[in-house]
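Here the structure comes first, spelled out in structure tokens, and everything after it is commentary.
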Amino acid sequence: QVQLVESGGGLVQPGGSLRLSCAVSGITVRRFNVNWYRRRPGKEREWVANIDMTNDGSPDYSESVKGRFTISRDNNKKTVYLQMNNLKSEDTAVYYCHVPLWNALYWGQGTQVTVSS
């Protein structure tokens, strides 16, 4: 059974940093991608970043977070991280981990990030 468990959200002041984690379990295929999405208050869910879990994977980012967020992985721990720096109030959202496989789309439960002074 595939499970994605996010953690690391919280309250942070503008300009601050947070690191989110997504622990992945139950996936048996070797090659897959992990995405981070977010849903800001009153808005549709939007894609944030992507990483390929193979060794030659290169990350990709939405324009709104490029240069501030960094996605990385630890294959031994089967965990994907989202390092978020220079956070802005508009980054306030529920952040979700997402894995698309050939037979289903998997989502975590989400973790709340609030950027406020």
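So you can find residues: chains in the structure tokens are A, B, ... in the order shown, residues in each start at 1, and ligands are numbered from 1 in order.
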
Apply DSSP to the structure's backbone, then extract all residues of chain A labelled strand (DSSP E or B) and return them as a CSV table (one decimal) with C-alpha atoms, in the first residue's frame.
```csv
chain,number,residue,atom,x,y,z
A,3,GLN,CA,1.7,5.9,1.6
A,4,LEU,CA,3.0,9.5,1.5
A,5,VAL,CA,3.4,11.3,4.9
A,6,GLU,CA,4.3,14.9,5.0
A,7,SER,CA,5.7,16.7,8.0
A,10,GLY,CA,4.3,25.3,10.8
A,11,LEU,CA,4.1,29.1,11.5
A,12,VAL,CA,7.1,31.2,10.3
A,18,LEU,CA,11.0,25.8,6.7
A,19,ARG,CA,11.9,22.3,5.5
A,20,LEU,CA,9.1,19.9,4.6
A,21,SER,CA,9.5,16.2,4.4
A,22,CYS,CA,7.6,13.5,2.5
A,23,ALA,CA,8.2,10.0,3.5
A,24,VAL,CA,7.3,7.5,0.7
A,25,SER,CA,6.5,3.9,1.3
A,33,ASN,CA,8.6,11.2,-9.7
A,34,VAL,CA,7.6,13.0,-6.6
A,35,ASN,CA,5.9,16.4,-6.7
A,36,TRP,CA,5.0,19.0,-4.2
A,37,TYR,CA,1.8,20.8,-4.7
A,38,ARG,CA,0.1,23.5,-2.6
A,39,ARG,CA,-3.4,24.9,-2.1
A,45,ARG,CA,-4.2,23.5,-5.9
A,46,GLU,CA,-1.0,24.4,-7.8
A,47,TRP,CA,2.2,22.5,-8.7
A,48,VAL,CA,5.3,23.7,-6.8
A,49,ALA,CA,8.2,21.4,-7.6
A,50,ASN,CA,9.2,18.0,-9.0
A,51,ILE,CA,12.1,15.5,-8.6
A,52,ASP,CA,12.8,12.3,-10.3
A,60,ASP,CA,12.0,21.4,-11.7
A,61,TYR,CA,10.1,24.4,-10.0
A,69,PHE,CA,12.7,26.6,-2.8
A,70,THR,CA,14.9,23.5,-3.2
A,71,ILE,CA,13.6,20.0,-3.7
A,72,SER,CA,15.9,17.1,-2.8
A,73,ARG,CA,15.8,13.4,-2.0
A,74,ASP,CA,17.3,10.8,0.2
A,79,THR,CA,12.2,10.8,1.7
A,80,VAL,CA,11.8,13.9,-0.4
A,81,TYR,CA,12.4,17.3,1.1
A,82,LEU,CA,11.3,20.8,0.2
A,83,GLN,CA,13.6,23.4,1.6
A,84,MET,CA,11.7,26.8,1.6
A,93,ALA,CA,-0.9,27.1,2.0
A,94,VAL,CA,-1.4,23.4,2.7
A,95,TYR,CA,1.5,21.6,1.0
A,96,TYR,CA,0.9,18.1,-0.5
A,97,CYS,CA,3.3,15.4,-1.6
A,98,HIS,CA,2.2,13.7,-4.8
A,99,VAL,CA,3.3,10.6,-6.7
A,100,PRO,CA,1.8,9.7,-10.1
A,105,LEU,CA,-2.3,9.1,-8.3
A,106,TYR,CA,-1.2,9.2,-4.7
A,107,TRP,CA,-1.4,12.1,-2.4
A,111,THR,CA,1.0,19.9,6.0
A,112,GLN,CA,0.0,23.5,6.8
A,113,VAL,CA,2.5,26.3,6.2
A,114,THR,CA,1.6,29.7,7.5
A,115,VAL,CA,3.8,32.7,6.8
```

Quick one: distance from atom CA of A:Arg31 to atom CA of A:Gly108 in Å, one decimal? 19.0 Å

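Between atom CA of A:Gln1 and atom CA of A:Ile27 lies a distance of 7.6 Å.
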
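Note that the spacing between atom CA of A:Val65 and atom CA of A:Leu101 amounts to 25.0 Å.
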
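Checking A:Asp56, A:Val29, A:Pro14, A:Asn85 one by one against A:Arg68, counting only C-alpha atoms, you find the shortest gap at A:Asn85.
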
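Counting only C-alpha atoms, the residue from A:Asn76, A:Ser62, A:Gln109, A:Ser89 that sits nearest to A:Gln13 is A:Ser89.
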